[in-house]
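Colleague: Structure in structure tokens, see below.
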Amino acid sequence: MLTNAGLEAGHQIADLLSQLPPGPIDADAAVFEETNRREPQEGQDAGGIAFSRWTAARGSGCIEHAVTPDDCHVIALALRPTRISLWTPSRQLFEGSLPSGTVVVRPPGQQLLLHVTPPFDFLRLHVGNRLLCEEGLVADEDDFAQPGEPFLFRDTLAEALGRSLLDEHPFQPEYARVAAKAIVMRTIGRQQAKRRCWALPKWRVKRLDQYLSDNIDKQVTLDDMAACVGLSKMHFAAQLRAATGFRPREYLLFKRVERAKTIMASTRMPLIEVAFSVGFNAQAHFSTVFKRFAGKTPMQWKRECQRTMFEPSAGATAPCE
């Protein structure tokens with residue numbers, strides 16, 4: 001729940017940024033392949049779906065105030081774990097570590113304020129409303145009359161398609177067209193399906209997060225998580241996935257990995273002890289799961305984190321991701 005002060009601060013930032021040209025604030029410290037999120041570069045088009053890439057390997061955080069054009073949807077796909085805060089004019093949508101494979105669907109006319117800290121890598125697809133109508137993904141253009149809120153979920157297949165699109169687009173434009181359309185079909189179709197399923201309320205998500213935090217070193221079952229929020233296993237699993245994009249087991253593993261990152265960044269605890277402290281029974285399993293979510297092995301992540309912490313920088317030091 002946002003306080004009045006938090007809302008006022010968010011509006012002040014949005015008002016300030018609306019007067020600035022879009023794009024990166026710290027251009028010298030990071031390389032951005034996309035300099036204007038609302039105007040993809042010419043030639044990067046696949047079957048009527050324009051796409052662009054917004055990426056930075058290092059540098060200080062940047063803030064953007066974006067408005068989706070009225071004639072399209074924007075699909076943003078995270079290609080690596082990213083530290084980010086997302087706000088609409090009325091509330092905060094997300095703050096924390098956004099897992100690789102997370103998809104953000106922004107409807108027409110929607111305003112979004114975001115603060116993102118490198119490293120990050122996003123693929124953005126700009127999809128015309130007319131195309132969505134032609135493909136039968138929406139009933140008609142009247143569905144776009146009122147701006148909605150961004151829709152967040154995690155989709156590993158969309159992530160794989162996004163990576164292959166970027167790899168093959170310069171060499172196989174026809175494949176890129178098919179891959180881009182497949183991403184749109186999955187993400188917009190899932191957004192429509194979500195409307196028929198209630199997402200787990202935030203107060204229940206907070207209760208679940210607290211329960212997992214208190215029991216992160218213990219065995220936790222689906223029964224335990226469902227009982228914690230007062231739902232049947234079936235309803236809990238469906239609502240958690242609608243709210244977070246994770247199945248219950250994946251969400252538990254994600255939370256274990258996030259706790260492990262905190263421990264490794266702040267202590268010298270051996271990795272085997274880190275694994276045990278967050279509920280894994282073997283270091284090998286811990287390493288496999290950690291790489292799935294973080295994109296690096298625990299040792300690689302820890303070395304990069306230490307290098308980032310002690311590396312001299314003109315700006316603020318970015319947190320390890």
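Please note that chains go A, B, ... in the order of the structure tokens, that every chain numbers its residues from 1, and that ligands are numbered from 1 in the order shown.
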Env of A:Ala66: 7 Å cut, atoms = only C-alpha atoms, seq-sep filter 3 positions within chain, self excluded. Answer as a PyMOL selection string.
Modeller: chain A and resi 111-113
Colleague: Using only N, CA and C atoms, please write the residues we just selected to a file, as a compact mmCIF listing (two decimals), in the first residue's frame.
Modeller:
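As a result, again_19.txt now contains:
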# COMPACT_ATOMS: atom_id res chain seq x y z
N GLN A 111 0.34 5.11 -18.70
CA GLN A 111 1.52 5.84 -18.22
C GLN A 111 2.30 4.97 -17.23
N LEU A 112 3.59 4.99 -17.37
CA LEU A 112 4.43 4.17 -16.51
C LEU A 112 5.70 4.94 -16.15
N LEU A 113 6.02 4.93 -14.87
CA LEU A 113 7.27 5.51 -14.37
C LEU A 113 8.14 4.36 -13.89
Colleague: Excluding same-chain residues fewer than 2 positions from A:Arg124, what lies within 8 Å of it counting only C-alpha atoms, as a PyMOL selection string?
Modeller: chain A and resi 51-54+74-77+122+126
Colleague: Find the spatial neighbours of stretch 228-230 of chain A, counting only C-alpha atoms, within a cut-off of 12 Å - ignore same-chain residues fewer than 2 positions away - and output them as a VMD selection string.
Modeller: chain A and resid 200 to 212 214 to 215 220 to 226 232 to 237 239 to 240
Colleague: Which residue, A:Gly101, A:Trp87, A:Ser60, A:Arg163, has the smallest gap to A:Pro118 when you use only C-alpha atoms?
Modeller: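 Looking only at the distances to A:Pro118, the closest residue turns out to be A:Ser60.
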Colleague: With only C-alpha atoms as the counted atoms, please give the residues lying no more than 12 Å from A:Ala158, apart from itself and same-chain residues fewer than 2 positions off, as number ranges by chain.
Modeller: A: 75-79, 100-104, 123, 125, 153-156, 160-165, 179-188, 190
Colleague: Please produce a file of the residues just selected, as a PDB file, in the first residue's frame, where the atoms kept are C-alpha atoms.
Modeller:
ATOM      1  CA  ILE A  75       5.521  -5.896 -24.771  1.00  0.00           C
ATOM      2  CA  ALA A  76       8.767  -5.707 -22.762  1.00  0.00           C
ATOM      3  CA  LEU A  77      10.699  -8.941 -22.177  1.00  0.00           C
ATOM      4  CA  ALA A  78      13.494  -9.065 -19.572  1.00  0.00           C
ATOM      5  CA  LEU A  79      16.476 -11.034 -20.892  1.00  0.00           C
ATOM      6  CA  SER A 100      14.878 -13.139 -16.410  1.00  0.00           C
ATOM      7  CA  GLY A 101      11.951 -14.100 -18.625  1.00  0.00           C
ATOM      8  CA  THR A 102       9.531 -11.647 -17.023  1.00  0.00           C
ATOM      9  CA  VAL A 103       7.093 -10.087 -19.490  1.00  0.00           C
ATOM     10  CA  VAL A 104       5.458  -6.675 -19.018  1.00  0.00           C
ATOM     11  CA  LEU A 123      13.517  -6.705 -25.820  1.00  0.00           C
ATOM     12  CA  LEU A 125       7.847  -5.356 -29.219  1.00  0.00           C
ATOM     13  CA  PHE A 153       4.168 -12.500 -15.629  1.00  0.00           C
ATOM     14  CA  ARG A 154       7.071 -14.850 -16.317  1.00  0.00           C
ATOM     15  CA  ASP A 155       7.284 -16.937 -19.488  1.00  0.00           C
ATOM     16  CA  THR A 156      10.440 -18.936 -20.185  1.00  0.00           C
ATOM     17  CA  ALA A 160      13.726 -18.310 -25.489  1.00  0.00           C
ATOM     18  CA  LEU A 161      11.805 -16.973 -28.497  1.00  0.00           C
ATOM     19  CA  GLY A 162      13.037 -13.443 -27.763  1.00  0.00           C
ATOM     20  CA  ARG A 163      16.669 -14.534 -27.637  1.00  0.00           C
ATOM     21  CA  SER A 164      16.330 -16.490 -30.873  1.00  0.00           C
ATOM     22  CA  LEU A 165      14.639 -13.494 -32.532  1.00  0.00           C
ATOM     23  CA  ALA A 179       9.100 -15.661 -33.589  1.00  0.00           C
ATOM     24  CA  ALA A 180       7.818 -12.137 -32.968  1.00  0.00           C
ATOM     25  CA  LYS A 181       4.240 -13.170 -33.737  1.00  0.00           C
ATOM     26  CA  ALA A 182       4.577 -16.222 -31.459  1.00  0.00           C
ATOM     27  CA  ILE A 183       5.667 -13.966 -28.574  1.00  0.00           C
ATOM     28  CA  VAL A 184       2.681 -11.685 -29.197  1.00  0.00           C
ATOM     29  CA  MET A 185       0.245 -14.613 -29.362  1.00  0.00           C
ATOM     30  CA  ARG A 186       1.516 -16.012 -26.056  1.00  0.00           C
ATOM     31  CA  THR A 187       1.691 -12.754 -24.135  1.00  0.00           C
ATOM     32  CA  ILE A 188      -1.475 -10.992 -25.310  1.00  0.00           C
ATOM     33  CA  ARG A 190      -2.269 -14.788 -21.628  1.00  0.00           C
TER      34      ARG A 190
END
Colleague: What is the atom CA of A:Asp70 to atom CA of A:Thr88 distance in Å?
Modeller: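 A separation of 16.4 Å between them.
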Colleague: Enumerate, as a ChimeraX atom specification, the complete set of residues in stretch 92-236 of chain A that a backbone-based DSSP assignment places in strand (DSSP E or B).
Modeller: /A:92-98,102-106,111-117,120-128,151-154
Colleague: Give me the residues within 7 Å of A:Arg80 as an mmCIF file with N, CA and C atoms, in the first residue's frame, counting only C-alpha atoms and dropping any in the same chain fewer than 5 places off.
Modeller:
data_model
loop_
_atom_site.group_PDB
_atom_site.id
_atom_site.type_symbol
_atom_site.label_atom_id
_atom_site.label_comp_id
_atom_site.auth_asym_id
_atom_site.auth_seq_id
_atom_site.Cartn_x
_atom_site.Cartn_y
_atom_site.Cartn_z
ATOM 1 N N PRO A 99 12.900 -11.208 -12.393
ATOM 2 C CA PRO A 99 13.601 -12.374 -12.931
ATOM 3 C C PRO A 99 13.715 -12.327 -14.450
ATOM 4 N N SER A 100 14.755 -12.970 -14.967
ATOM 5 C CA SER A 100 14.878 -13.139 -16.410
ATOM 6 C C SER A 100 13.666 -13.897 -16.927
ATOM 7 N N PHE A 120 20.971 -4.404 -17.285
ATOM 8 C CA PHE A 120 19.646 -4.823 -17.714
ATOM 9 C C PHE A 120 19.662 -5.035 -19.222
ATOM 10 N N ASP A 121 18.665 -5.781 -19.703
ATOM 11 C CA ASP A 121 18.567 -6.086 -21.128
ATOM 12 C C ASP A 121 17.109 -6.413 -21.429
#
Colleague: What is the atom CA of A:Lys296-atom CA of A:Arg268 distance in Å, reported with one decimal?
Modeller: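 Between atom CA of A:Lys296 and atom CA of A:Arg268 the gap is 18.5 Å.
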